[in-house]
Amino acid sequence: MGKMKSKTGEPAAANRRDEILEAAVAVFAEHGYYSATTAQVAERVGISQPYVFKFFKSKAELFAAALKLAFERIVRAFSGVDASSDRLEQAMIQAYEELMRTHHHEIVLQMQAMVIKEEPIRQVMREGIHQVTASVEARFREAGIAQPEVAVSMFMANGMLCNISAVLEMPELKPKHPER
């Protein structure tokens, strides 16, 4: 007998793994890494806690996978921005602001991950930040933006300020940009 398939034709296990990751993002964002449990994640999905461990060996591995998902979503969003060179930076800001609205919990995960000392999580954080920075720099270079490394540094710094603004619910901290 073959693997069970979902309505979309994807293996059911892949769908379940994705459901667990989505639930983990929410649970970690709501409770914090140290207070969240895999039992809470399992309950949110409607499965047993041991079933979570079928896909993820530990809470740290689950958090790292959720964090990786968040960074992949950011890179995809930036890659999908279609704008002229003179509008690229503004369009990428808008893409990130949209992600902040639609995937707020993933922003919270990034902020939490900055203070978690477990090396696998720190490594995913480093890799994710590097991946986002490299993708933004590539887009800026392709667009012919002057001093792309400076523009990327400012873009990333503004992104971090956006994260702080969102997590603390202080919209007045949101970076201000010149109108073009």
# chains A, B, ... in the order shown; residues from 1 in each chain; ligands from 1
$ residues_around --residues "Ala42 (chain A)" --least-positions-apart "5" --cutoff "9 Å" --atoms "only C-alpha atoms" --output "list in words"
Ile20, Ala23, Ala24, Thr37, Ile47, Ser48, Gln49, Pro50, Tyr51 and Val52 of chain A
$ residues_around --residues "Leu21 (chain A)" --least-positions-apart "5" --cutoff "10 Å" --atoms "only C-alpha atoms" --output "PyMOL selection string"
chain A and resi 15-16+26-27+41+45+52+55-56+62-67+69
$ residues_around --residues "region 150-153 of chain A" --least-positions-apart "5" --cutoff "8 Å" --atoms "only C-alpha atoms" --output "JSON, numbers by chain"
{"A": [133, 136, 137, 140, 145]}
$ residues_around --residues "Glu118 (chain A)" --least-positions-apart "6" --cutoff "12 Å" --atoms "only C-alpha atoms" --output "JSON, numbers by chain"
{"A": [33, 34, 58, 59, 60, 61, 63, 64, 112, 124, 125]}
$ write_last_selection --atoms "N, CA, C and O atoms" --output "compact mmCIF listing (two decimals), in the first residue's frame"
# COMPACT_ATOMS: atom_id res chain seq x y z
N TYR A 33 9.76 30.72 23.80
CA TYR A 33 10.46 29.45 23.59
C TYR A 33 10.54 28.63 24.87
O TYR A 33 10.24 27.44 24.88
N TYR A 34 10.94 29.24 25.96
CA TYR A 34 11.19 28.48 27.18
C TYR A 34 9.91 27.99 27.85
O TYR A 34 9.91 26.96 28.52
N SER A 58 13.37 17.28 18.98
CA SER A 58 13.37 18.06 20.21
C SER A 58 12.62 19.37 20.00
O SER A 58 12.34 19.77 18.86
N LYS A 59 12.35 20.04 21.09
CA LYS A 59 11.73 21.36 21.01
C LYS A 59 12.65 22.33 20.28
O LYS A 59 12.18 23.14 19.46
N ALA A 60 13.94 22.25 20.53
CA ALA A 60 14.90 23.13 19.85
C ALA A 60 14.88 22.90 18.34
O ALA A 60 14.91 23.85 17.56
N GLU A 61 14.81 21.64 17.92
CA GLU A 61 14.76 21.34 16.49
C GLU A 61 13.46 21.88 15.87
O GLU A 61 13.46 22.40 14.76
N PHE A 63 11.68 24.48 17.00
CA PHE A 63 11.81 25.94 16.94
C PHE A 63 12.70 26.35 15.78
O PHE A 63 12.38 27.28 15.03
N ALA A 64 13.82 25.66 15.62
CA ALA A 64 14.75 25.98 14.53
C ALA A 64 14.08 25.82 13.17
O ALA A 64 14.26 26.65 12.28
N GLN A 112 12.57 36.47 19.42
CA GLN A 112 12.89 35.53 20.50
C GLN A 112 14.23 34.85 20.23
O GLN A 112 15.05 34.68 21.13
N VAL A 124 20.70 28.70 12.99
CA VAL A 124 19.61 28.99 12.05
C VAL A 124 19.40 30.50 11.96
O VAL A 124 19.18 31.04 10.87
N MET A 125 19.50 31.19 13.07
CA MET A 125 19.34 32.64 13.08
C MET A 125 20.43 33.29 12.24
O MET A 125 20.16 34.16 11.40
$ select_by_dssp --residues "chain A" --states "helix (DSSP H, G or I)" --output "MDAnalysis selection string"
chainID A and resid 12:31 38:45 49:55 59:79 88:102 104:113 119:142 148:167 171:173
$ atom_distance --atom1 "CA of His103 (chain A)" --atom2 "CA of Arg76 (chain A)"
13.4 Å
$ residues_around --residues "Lys174 (chain A)" --least-positions-apart "2" --cutoff "12 Å" --atoms "only C-alpha atoms" --output "PyMOL selection string"
chain A and resi 93+97+100+157-172+176-177
$ residues_around --residues "Gly80 (chain A)" --least-positions-apart "6" --cutoff "10 Å" --atoms "only C-alpha atoms" --output "PyMOL selection string"
chain A and resi 74+92+95
$ decode --residues "region 55-70 of chain A" --atoms "all heavy atoms" --output "PDB file, in the first residue's frame"
ATOM      1  N   PHE A  55       8.504  13.857  13.702  1.00  0.00           N
ATOM      2  CA  PHE A  55       9.038  14.805  12.726  1.00  0.00           C
ATOM      3  C   PHE A  55      10.193  15.635  13.266  1.00  0.00           C
ATOM      4  O   PHE A  55      11.064  16.058  12.506  1.00  0.00           O
ATOM      5  CB  PHE A  55       7.919  15.749  12.261  1.00  0.00           C
ATOM      6  CG  PHE A  55       6.808  15.043  11.550  1.00  0.00           C
ATOM      7  CD1 PHE A  55       5.672  14.652  12.229  1.00  0.00           C
ATOM      8  CD2 PHE A  55       6.903  14.742  10.199  1.00  0.00           C
ATOM      9  CE1 PHE A  55       4.640  13.991  11.577  1.00  0.00           C
ATOM     10  CE2 PHE A  55       5.884  14.081   9.535  1.00  0.00           C
ATOM     11  CZ  PHE A  55       4.744  13.701  10.232  1.00  0.00           C
ATOM     12  N   PHE A  56      10.174  15.923  14.553  1.00  0.00           N
ATOM     13  CA  PHE A  56      11.183  16.787  15.173  1.00  0.00           C
ATOM     14  C   PHE A  56      11.688  16.122  16.442  1.00  0.00           C
ATOM     15  O   PHE A  56      10.904  15.769  17.318  1.00  0.00           O
ATOM     16  CB  PHE A  56      10.570  18.166  15.494  1.00  0.00           C
ATOM     17  CG  PHE A  56       9.961  18.816  14.283  1.00  0.00           C
ATOM     18  CD1 PHE A  56       8.598  18.715  14.038  1.00  0.00           C
ATOM     19  CD2 PHE A  56      10.763  19.498  13.380  1.00  0.00           C
ATOM     20  CE1 PHE A  56       8.031  19.290  12.911  1.00  0.00           C
ATOM     21  CE2 PHE A  56      10.200  20.083  12.244  1.00  0.00           C
ATOM     22  CZ  PHE A  56       8.833  19.972  12.010  1.00  0.00           C
ATOM     23  N   LYS A  57      13.005  15.963  16.568  1.00  0.00           N
ATOM     24  CA  LYS A  57      13.595  15.226  17.692  1.00  0.00           C
ATOM     25  C   LYS A  57      13.493  15.953  19.024  1.00  0.00           C
ATOM     26  O   LYS A  57      13.560  15.326  20.076  1.00  0.00           O
ATOM     27  CB  LYS A  57      15.058  14.924  17.387  1.00  0.00           C
ATOM     28  CG  LYS A  57      15.250  13.962  16.258  1.00  0.00           C
ATOM     29  CD  LYS A  57      16.728  13.706  15.999  1.00  0.00           C
ATOM     30  CE  LYS A  57      16.881  12.768  14.836  1.00  0.00           C
ATOM     31  NZ  LYS A  57      17.709  13.289  13.780  1.00  0.00           N
ATOM     32  N   SER A  58      13.371  17.281  18.976  1.00  0.00           N
ATOM     33  CA  SER A  58      13.369  18.058  20.212  1.00  0.00           C
ATOM     34  C   SER A  58      12.621  19.372  20.001  1.00  0.00           C
ATOM     35  O   SER A  58      12.340  19.765  18.857  1.00  0.00           O
ATOM     36  CB  SER A  58      14.804  18.371  20.638  1.00  0.00           C
ATOM     37  OG  SER A  58      15.410  19.231  19.678  1.00  0.00           O
ATOM     38  N   LYS A  59      12.350  20.038  21.091  1.00  0.00           N
ATOM     39  CA  LYS A  59      11.728  21.356  21.013  1.00  0.00           C
ATOM     40  C   LYS A  59      12.646  22.332  20.279  1.00  0.00           C
ATOM     41  O   LYS A  59      12.184  23.138  19.465  1.00  0.00           O
ATOM     42  CB  LYS A  59      11.409  21.874  22.428  1.00  0.00           C
ATOM     43  CG  LYS A  59      10.719  23.229  22.412  1.00  0.00           C
ATOM     44  CD  LYS A  59      10.168  23.610  23.767  1.00  0.00           C
ATOM     45  CE  LYS A  59      11.184  24.221  24.666  1.00  0.00           C
ATOM     46  NZ  LYS A  59      10.590  24.863  25.866  1.00  0.00           N
ATOM     47  N   ALA A  60      13.944  22.245  20.533  1.00  0.00           N
ATOM     48  CA  ALA A  60      14.899  23.130  19.854  1.00  0.00           C
ATOM     49  C   ALA A  60      14.878  22.898  18.342  1.00  0.00           C
ATOM     50  O   ALA A  60      14.907  23.855  17.562  1.00  0.00           O
ATOM     51  CB  ALA A  60      16.308  22.924  20.402  1.00  0.00           C
ATOM     52  N   GLU A  61      14.809  21.645  17.923  1.00  0.00           N
ATOM     53  CA  GLU A  61      14.756  21.344  16.489  1.00  0.00           C
ATOM     54  C   GLU A  61      13.460  21.879  15.872  1.00  0.00           C
ATOM     55  O   GLU A  61      13.457  22.402  14.763  1.00  0.00           O
ATOM     56  CB  GLU A  61      14.861  19.832  16.260  1.00  0.00           C
ATOM     57  CG  GLU A  61      14.932  19.461  14.789  1.00  0.00           C
ATOM     58  CD  GLU A  61      15.081  17.966  14.564  1.00  0.00           C
ATOM     59  OE1 GLU A  61      16.045  17.379  15.112  1.00  0.00           O
ATOM     60  OE2 GLU A  61      14.233  17.395  13.852  1.00  0.00           O
ATOM     61  N   LEU A  62      12.364  21.761  16.599  1.00  0.00           N
ATOM     62  CA  LEU A  62      11.082  22.282  16.131  1.00  0.00           C
ATOM     63  C   LEU A  62      11.140  23.806  15.999  1.00  0.00           C
ATOM     64  O   LEU A  62      10.713  24.369  14.984  1.00  0.00           O
ATOM     65  CB  LEU A  62       9.963  21.859  17.086  1.00  0.00           C
ATOM     66  CG  LEU A  62       8.556  22.364  16.777  1.00  0.00           C
ATOM     67  CD1 LEU A  62       8.102  21.954  15.386  1.00  0.00           C
ATOM     68  CD2 LEU A  62       7.584  21.843  17.843  1.00  0.00           C
ATOM     69  N   PHE A  63      11.684  24.479  16.999  1.00  0.00           N
ATOM     70  CA  PHE A  63      11.810  25.940  16.942  1.00  0.00           C
ATOM     71  C   PHE A  63      12.701  26.346  15.778  1.00  0.00           C
ATOM     72  O   PHE A  63      12.378  27.276  15.026  1.00  0.00           O
ATOM     73  CB  PHE A  63      12.367  26.483  18.262  1.00  0.00           C
ATOM     74  CG  PHE A  63      12.380  27.982  18.323  1.00  0.00           C
ATOM     75  CD1 PHE A  63      11.317  28.675  18.870  1.00  0.00           C
ATOM     76  CD2 PHE A  63      13.454  28.721  17.835  1.00  0.00           C
ATOM     77  CE1 PHE A  63      11.309  30.070  18.926  1.00  0.00           C
ATOM     78  CE2 PHE A  63      13.467  30.102  17.881  1.00  0.00           C
ATOM     79  CZ  PHE A  63      12.388  30.782  18.435  1.00  0.00           C
ATOM     80  N   ALA A  64      13.824  25.664  15.616  1.00  0.00           N
ATOM     81  CA  ALA A  64      14.755  25.980  14.530  1.00  0.00           C
ATOM     82  C   ALA A  64      14.078  25.816  13.169  1.00  0.00           C
ATOM     83  O   ALA A  64      14.260  26.650  12.277  1.00  0.00           O
ATOM     84  CB  ALA A  64      16.000  25.103  14.629  1.00  0.00           C
ATOM     85  N   ALA A  65      13.282  24.769  13.005  1.00  0.00           N
ATOM     86  CA  ALA A  65      12.576  24.554  11.741  1.00  0.00           C
ATOM     87  C   ALA A  65      11.542  25.650  11.500  1.00  0.00           C
ATOM     88  O   ALA A  65      11.375  26.126  10.371  1.00  0.00           O
ATOM     89  CB  ALA A  65      11.907  23.176  11.743  1.00  0.00           C
ATOM     90  N   ALA A  66      10.853  26.064  12.557  1.00  0.00           N
ATOM     91  CA  ALA A  66       9.870  27.147  12.438  1.00  0.00           C
ATOM     92  C   ALA A  66      10.569  28.456  12.063  1.00  0.00           C
ATOM     93  O   ALA A  66      10.082  29.218  11.218  1.00  0.00           O
ATOM     94  CB  ALA A  66       9.086  27.299  13.739  1.00  0.00           C
ATOM     95  N   LEU A  67      11.707  28.709  12.668  1.00  0.00           N
ATOM     96  CA  LEU A  67      12.477  29.908  12.373  1.00  0.00           C
ATOM     97  C   LEU A  67      12.982  29.889  10.931  1.00  0.00           C
ATOM     98  O   LEU A  67      12.915  30.893  10.219  1.00  0.00           O
ATOM     99  CB  LEU A  67      13.644  30.014  13.355  1.00  0.00           C
ATOM    100  CG  LEU A  67      14.490  31.261  13.322  1.00  0.00           C
ATOM    101  CD1 LEU A  67      13.658  32.508  13.604  1.00  0.00           C
ATOM    102  CD2 LEU A  67      15.619  31.146  14.353  1.00  0.00           C
ATOM    103  N   LYS A  68      13.449  28.736  10.502  1.00  0.00           N
ATOM    104  CA  LYS A  68      13.921  28.591   9.119  1.00  0.00           C
ATOM    105  C   LYS A  68      12.784  28.875   8.137  1.00  0.00           C
ATOM    106  O   LYS A  68      12.975  29.548   7.129  1.00  0.00           O
ATOM    107  CB  LYS A  68      14.478  27.178   8.912  1.00  0.00           C
ATOM    108  CG  LYS A  68      15.132  26.978   7.588  1.00  0.00           C
ATOM    109  CD  LYS A  68      15.793  25.613   7.504  1.00  0.00           C
ATOM    110  CE  LYS A  68      16.479  25.460   6.175  1.00  0.00           C
ATOM    111  NZ  LYS A  68      17.078  24.160   5.990  1.00  0.00           N
ATOM    112  N   LEU A  69      11.602  28.375   8.443  1.00  0.00           N
ATOM    113  CA  LEU A  69      10.416  28.640   7.626  1.00  0.00           C
ATOM    114  C   LEU A  69      10.176  30.149   7.504  1.00  0.00           C
ATOM    115  O   LEU A  69       9.889  30.657   6.412  1.00  0.00           O
ATOM    116  CB  LEU A  69       9.195  27.951   8.244  1.00  0.00           C
ATOM    117  CG  LEU A  69       7.844  28.225   7.620  1.00  0.00           C
ATOM    118  CD1 LEU A  69       7.700  27.419   6.338  1.00  0.00           C
ATOM    119  CD2 LEU A  69       6.737  27.851   8.592  1.00  0.00           C
ATOM    120  N   ALA A  70      10.305  30.862   8.606  1.00  0.00           N
ATOM    121  CA  ALA A  70      10.090  32.311   8.600  1.00  0.00           C
ATOM    122  C   ALA A  70      11.102  33.013   7.687  1.00  0.00           C
ATOM    123  O   ALA A  70      10.729  33.896   6.903  1.00  0.00           O
ATOM    124  CB  ALA A  70      10.186  32.864  10.024  1.00  0.00           C
TER     125      ALA A  70
END
